[in-house]
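Report on the following structure.
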Amino acid sequence: MAAVHEFKVEMTCTGCSGAVERVLGKLKEKVEKVEIDLDNKKVFVTSTLSADDLLETIKKTGKETSYIGLKQ
């Protein structure tokens with residue numbers, strides 16, 4: 001079952017958020033939904049993948065990224 005994972009990502013512009021969307025988009029059907037809150041530098045990912053897998057994928061953007069937890 002998919003869960004919603006919350007990450008803090010150092011994003012300063014739409015180019016940054018676009019990079020996050022691109023790397024997560026490469027996971028295709030493993031990621032159901034990506035929501036980005038640029039103002040608060042948060043990324044919400046609905047996926048069946050583990051938090052560690054998602055964290056490593058987001059880190060490929062070169063942005064400082066940390067896992068916050070499951071969104072309630």
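Each chain in the structure tokens gets a letter, A, B, ..., in the order shown, and its residues are numbered from 1; ligands are numbered from 1 in order too.
Omitting Thr46 of chain A and its sequence neighbours fewer than 6 positions away, and counting only C-alpha atoms, the residues within 6 Å are A:Ala3, A:Val4, A:Glu32, A:Lys33.
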Kindly save the residues from that selection, with all heavy atoms included, as a compact mmCIF listing (two decimals), in the first residue's frame.
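again.txt written:
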# COMPACT_ATOMS: atom_id res chain seq x y z
N ALA A 3 2.14 5.01 0.80
CA ALA A 3 2.15 5.92 1.94
C ALA A 3 2.62 7.28 1.45
O ALA A 3 3.26 7.39 0.41
CB ALA A 3 3.09 5.40 3.02
N VAL A 4 2.29 8.33 2.22
CA VAL A 4 2.73 9.68 1.87
C VAL A 4 3.93 10.03 2.75
O VAL A 4 3.82 10.10 3.97
CB VAL A 4 1.60 10.71 2.06
CG1 VAL A 4 2.09 12.10 1.68
CG2 VAL A 4 0.38 10.34 1.24
N GLU A 32 3.02 7.40 -7.03
CA GLU A 32 1.66 7.76 -7.42
C GLU A 32 1.47 9.27 -7.57
O GLU A 32 0.77 9.73 -8.46
CB GLU A 32 0.65 7.26 -6.37
CG GLU A 32 0.46 5.77 -6.38
CD GLU A 32 -0.51 5.31 -5.32
OE1 GLU A 32 -1.34 6.12 -4.84
OE2 GLU A 32 -0.45 4.12 -4.95
N LYS A 33 2.10 10.02 -6.67
CA LYS A 33 1.85 11.46 -6.65
C LYS A 33 3.02 12.18 -6.00
O LYS A 33 3.64 11.67 -5.07
CB LYS A 33 0.57 11.70 -5.84
CG LYS A 33 0.08 13.12 -5.80
CD LYS A 33 -1.24 13.18 -5.04
CE LYS A 33 -1.76 14.57 -4.91
NZ LYS A 33 -2.97 14.64 -4.09
>> If you run DSSP on the backbone here, which positions in chain A get alpha helix (DSSP H)? Please write them as a PyMOL selection string.
In response: chain A and resi 14-25+51-59
Could you save the residues just selected, with N, CA, C and O atoms, as an mmCIF file, in the first residue's frame?
data_model
loop_
_atom_site.group_PDB
_atom_site.id
_atom_site.type_symbol
_atom_site.label_atom_id
_atom_site.label_comp_id
_atom_site.auth_asym_id
_atom_site.auth_seq_id
_atom_site.Cartn_x
_atom_site.Cartn_y
_atom_site.Cartn_z
ATOM 1 N N THR A 14 11.566 27.437 -8.947
ATOM 2 C CA THR A 14 10.830 26.406 -9.676
ATOM 3 C C THR A 14 11.770 25.467 -10.434
ATOM 4 O O THR A 14 11.414 24.329 -10.705
ATOM 5 N N GLY A 15 12.981 25.931 -10.721
ATOM 6 C CA GLY A 15 13.971 25.049 -11.340
ATOM 7 C C GLY A 15 14.353 23.922 -10.386
ATOM 8 O O GLY A 15 14.500 22.767 -10.790
ATOM 9 N N CYS A 16 14.482 24.274 -9.123
ATOM 10 C CA CYS A 16 14.814 23.279 -8.090
ATOM 11 C C CYS A 16 13.677 22.275 -7.942
ATOM 12 O O CYS A 16 13.902 21.065 -7.916
ATOM 13 N N SER A 17 12.454 22.778 -7.834
ATOM 14 C CA SER A 17 11.311 21.879 -7.665
ATOM 15 C C SER A 17 11.107 21.031 -8.913
ATOM 16 O O SER A 17 10.726 19.866 -8.839
ATOM 17 N N GLY A 18 11.414 21.593 -10.074
ATOM 18 C CA GLY A 18 11.317 20.838 -11.324
ATOM 19 C C GLY A 18 12.294 19.679 -11.354
ATOM 20 O O GLY A 18 11.978 18.596 -11.849
ATOM 21 N N ALA A 19 13.488 19.890 -10.799
ATOM 22 C CA ALA A 19 14.497 18.825 -10.744
ATOM 23 C C ALA A 19 14.005 17.679 -9.860
ATOM 24 O O ALA A 19 14.179 16.508 -10.195
ATOM 25 N N VAL A 20 13.373 18.019 -8.749
ATOM 26 C CA VAL A 20 12.827 16.996 -7.849
ATOM 27 C C VAL A 20 11.736 16.201 -8.574
ATOM 28 O O VAL A 20 11.707 14.966 -8.517
ATOM 29 N N GLU A 21 10.850 16.912 -9.275
ATOM 30 C CA GLU A 21 9.781 16.236 -10.017
ATOM 31 C C GLU A 21 10.356 15.315 -11.089
ATOM 32 O O GLU A 21 9.855 14.216 -11.295
ATOM 33 N N ARG A 22 11.420 15.753 -11.761
ATOM 34 C CA ARG A 22 12.030 14.935 -12.821
ATOM 35 C C ARG A 22 12.615 13.631 -12.290
ATOM 36 O O ARG A 22 12.370 12.565 -12.851
ATOM 37 N N VAL A 23 13.402 13.706 -11.199
ATOM 38 C CA VAL A 23 14.024 12.473 -10.690
ATOM 39 C C VAL A 23 12.971 11.508 -10.150
ATOM 40 O O VAL A 23 13.087 10.294 -10.342
ATOM 41 N N LEU A 24 11.933 12.040 -9.503
ATOM 42 C CA LEU A 24 10.873 11.159 -8.999
ATOM 43 C C LEU A 24 10.041 10.613 -10.151
ATOM 44 O O LEU A 24 9.556 9.489 -10.091
ATOM 45 N N GLY A 25 9.886 11.386 -11.207
ATOM 46 C CA GLY A 25 9.137 10.945 -12.383
ATOM 47 C C GLY A 25 9.773 9.747 -13.063
ATOM 48 O O GLY A 25 9.085 8.945 -13.699
ATOM 49 N N ALA A 51 11.128 4.935 2.411
ATOM 50 C CA ALA A 51 11.600 6.309 2.611
ATOM 51 C C ALA A 51 13.059 6.428 2.185
ATOM 52 O O ALA A 51 13.454 7.424 1.584
ATOM 53 N N ASP A 52 13.863 5.398 2.468
ATOM 54 C CA ASP A 52 15.285 5.429 2.098
ATOM 55 C C ASP A 52 15.467 5.498 0.585
ATOM 56 O O ASP A 52 16.305 6.243 0.087
ATOM 57 N N ASP A 53 14.668 4.704 -0.158
ATOM 58 C CA ASP A 53 14.758 4.723 -1.619
ATOM 59 C C ASP A 53 14.394 6.096 -2.164
ATOM 60 O O ASP A 53 15.053 6.622 -3.061
ATOM 61 N N LEU A 54 13.334 6.678 -1.626
ATOM 62 C CA LEU A 54 12.893 7.996 -2.082
ATOM 63 C C LEU A 54 13.917 9.062 -1.722
ATOM 64 O O LEU A 54 14.220 9.944 -2.533
ATOM 65 N N LEU A 55 14.476 8.971 -0.527
ATOM 66 C CA LEU A 55 15.480 9.947 -0.083
ATOM 67 C C LEU A 55 16.696 9.914 -1.008
ATOM 68 O O LEU A 55 17.176 10.962 -1.450
ATOM 69 N N GLU A 56 17.181 8.724 -1.326
ATOM 70 C CA GLU A 56 18.332 8.600 -2.221
ATOM 71 C C GLU A 56 18.016 9.160 -3.608
ATOM 72 O O GLU A 56 18.871 9.781 -4.240
ATOM 73 N N THR A 57 16.790 8.950 -4.075
ATOM 74 C CA THR A 57 16.387 9.460 -5.388
ATOM 75 C C THR A 57 16.365 10.984 -5.387
ATOM 76 O O THR A 57 16.910 11.619 -6.291
ATOM 77 N N ILE A 58 15.766 11.589 -4.366
ATOM 78 C CA ILE A 58 15.687 13.051 -4.296
ATOM 79 C C ILE A 58 17.087 13.654 -4.161
ATOM 80 O O ILE A 58 17.388 14.697 -4.738
ATOM 81 N N LYS A 59 17.977 12.979 -3.439
ATOM 82 C CA LYS A 59 19.347 13.480 -3.244
ATOM 83 C C LYS A 59 20.111 13.555 -4.563
ATOM 84 O O LYS A 59 21.088 14.301 -4.665
#
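Taking only C-alpha atoms, the non-local environment of Glu6 of chain A within 6 Å (same-chain residues fewer than 6 positions away omitted) comprises A:Val43, A:Phe44, A:Ile68, A:Gly69, A:Leu70.
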>> Please identify the strand (DSSP E) residues within chain A (assignment by DSSP from backbone atoms) and present them as number ranges by chain.
In response: A: 3-9, 31-37, 42-47, 65-70
Taking N, CA, C and O atoms for each residue, export the selection above as a compact mmCIF listing (two decimals), in the first residue's frame.
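The new file selection-v2.txt reads:
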# COMPACT_ATOMS: atom_id res chain seq x y z
N ALA A 3 2.14 5.01 0.80
CA ALA A 3 2.15 5.92 1.94
C ALA A 3 2.62 7.28 1.45
O ALA A 3 3.26 7.39 0.41
N VAL A 4 2.29 8.33 2.22
CA VAL A 4 2.73 9.68 1.87
C VAL A 4 3.93 10.03 2.75
O VAL A 4 3.82 10.10 3.97
N HIS A 5 5.07 10.20 2.11
CA HIS A 5 6.32 10.52 2.80
C HIS A 5 6.60 12.01 2.65
O HIS A 5 6.43 12.58 1.58
N GLU A 6 7.05 12.63 3.74
CA GLU A 6 7.35 14.06 3.73
C GLU A 6 8.86 14.26 3.84
O GLU A 6 9.52 13.68 4.70
N PHE A 7 9.38 15.10 2.94
CA PHE A 7 10.82 15.41 2.92
C PHE A 7 11.02 16.91 2.96
O PHE A 7 10.20 17.67 2.44
N LYS A 8 12.13 17.34 3.56
CA LYS A 8 12.54 18.74 3.50
C LYS A 8 13.65 18.80 2.46
O LYS A 8 14.63 18.06 2.57
N VAL A 9 13.47 19.65 1.46
CA VAL A 9 14.44 19.76 0.37
C VAL A 9 14.79 21.23 0.19
O VAL A 9 13.90 22.08 0.09
N VAL A 31 5.75 5.69 -8.09
CA VAL A 31 5.37 6.94 -7.43
C VAL A 31 3.99 7.35 -7.95
O VAL A 31 3.81 7.60 -9.13
N GLU A 32 3.02 7.40 -7.03
CA GLU A 32 1.66 7.76 -7.42
C GLU A 32 1.47 9.27 -7.57
O GLU A 32 0.77 9.73 -8.46
N LYS A 33 2.10 10.02 -6.67
CA LYS A 33 1.85 11.46 -6.65
C LYS A 33 3.02 12.18 -6.00
O LYS A 33 3.64 11.67 -5.07
N VAL A 34 3.31 13.38 -6.52
CA VAL A 34 4.35 14.25 -5.94
C VAL A 34 3.73 15.62 -5.72
O VAL A 34 3.17 16.20 -6.64
N GLU A 35 3.79 16.11 -4.50
CA GLU A 35 3.30 17.46 -4.18
C GLU A 35 4.49 18.24 -3.65
O GLU A 35 5.21 17.76 -2.78
N ILE A 36 4.66 19.45 -4.17
CA ILE A 36 5.78 20.29 -3.75
C ILE A 36 5.27 21.59 -3.15
O ILE A 36 4.45 22.28 -3.75
N ASP A 37 5.75 21.89 -1.94
CA ASP A 37 5.44 23.13 -1.25
C ASP A 37 6.73 23.94 -1.25
O ASP A 37 7.57 23.80 -0.36
N LYS A 42 9.14 21.80 1.20
CA LYS A 42 8.72 20.43 1.52
C LYS A 42 8.25 19.71 0.27
O LYS A 42 7.67 20.32 -0.63
N VAL A 43 8.50 18.41 0.26
CA VAL A 43 8.06 17.55 -0.84
C VAL A 43 7.30 16.38 -0.23
O VAL A 43 7.78 15.74 0.71
N PHE A 44 6.10 16.14 -0.74
CA PHE A 44 5.28 15.03 -0.29
C PHE A 44 5.19 14.02 -1.43
O PHE A 44 4.80 14.37 -2.54
N VAL A 45 5.58 12.78 -1.15
CA VAL A 45 5.62 11.75 -2.18
C VAL A 45 4.72 10.59 -1.76
O VAL A 45 4.92 10.00 -0.70
N THR A 46 3.73 10.27 -2.60
CA THR A 46 2.88 9.11 -2.37
C THR A 46 3.47 7.97 -3.17
O THR A 46 3.52 8.02 -4.40
N SER A 47 3.94 6.94 -2.46
CA SER A 47 4.67 5.86 -3.13
C SER A 47 4.64 4.58 -2.30
O SER A 47 4.45 4.62 -1.08
N THR A 65 18.71 17.26 1.37
CA THR A 65 17.41 16.63 1.58
C THR A 65 17.39 15.86 2.89
O THR A 65 18.36 15.19 3.22
N SER A 66 16.29 15.96 3.62
CA SER A 66 16.14 15.15 4.82
C SER A 66 14.71 14.61 4.88
O SER A 66 13.77 15.21 4.36
N TYR A 67 14.59 13.45 5.51
CA TYR A 67 13.29 12.79 5.64
C TYR A 67 12.63 13.30 6.91
O TYR A 67 13.24 13.29 7.99
N ILE A 68 11.39 13.75 6.81
CA ILE A 68 10.66 14.24 7.99
C ILE A 68 9.84 13.10 8.59
O ILE A 68 9.88 12.86 9.77
N GLY A 69 9.12 12.37 7.75
CA GLY A 69 8.32 11.26 8.27
C GLY A 69 7.08 11.03 7.41
O GLY A 69 6.93 11.63 6.35
N LEU A 70 6.21 10.16 7.92
CA LEU A 70 4.97 9.89 7.21
C LEU A 70 3.97 10.99 7.50
O LEU A 70 3.83 11.43 8.64
> Looking at A:Thr61, A:Asn40, A:Thr12, A:Thr48, which one is nearest to Lys28 of chain A, with distances taken over only C-alpha atoms?
Replying inline: A:Thr48
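Nearest residue to Glu64 of chain A, choosing from A:Leu38, A:Leu27, A:Met11, A:Ala2 and counting only C-alpha atoms: A:Met11.
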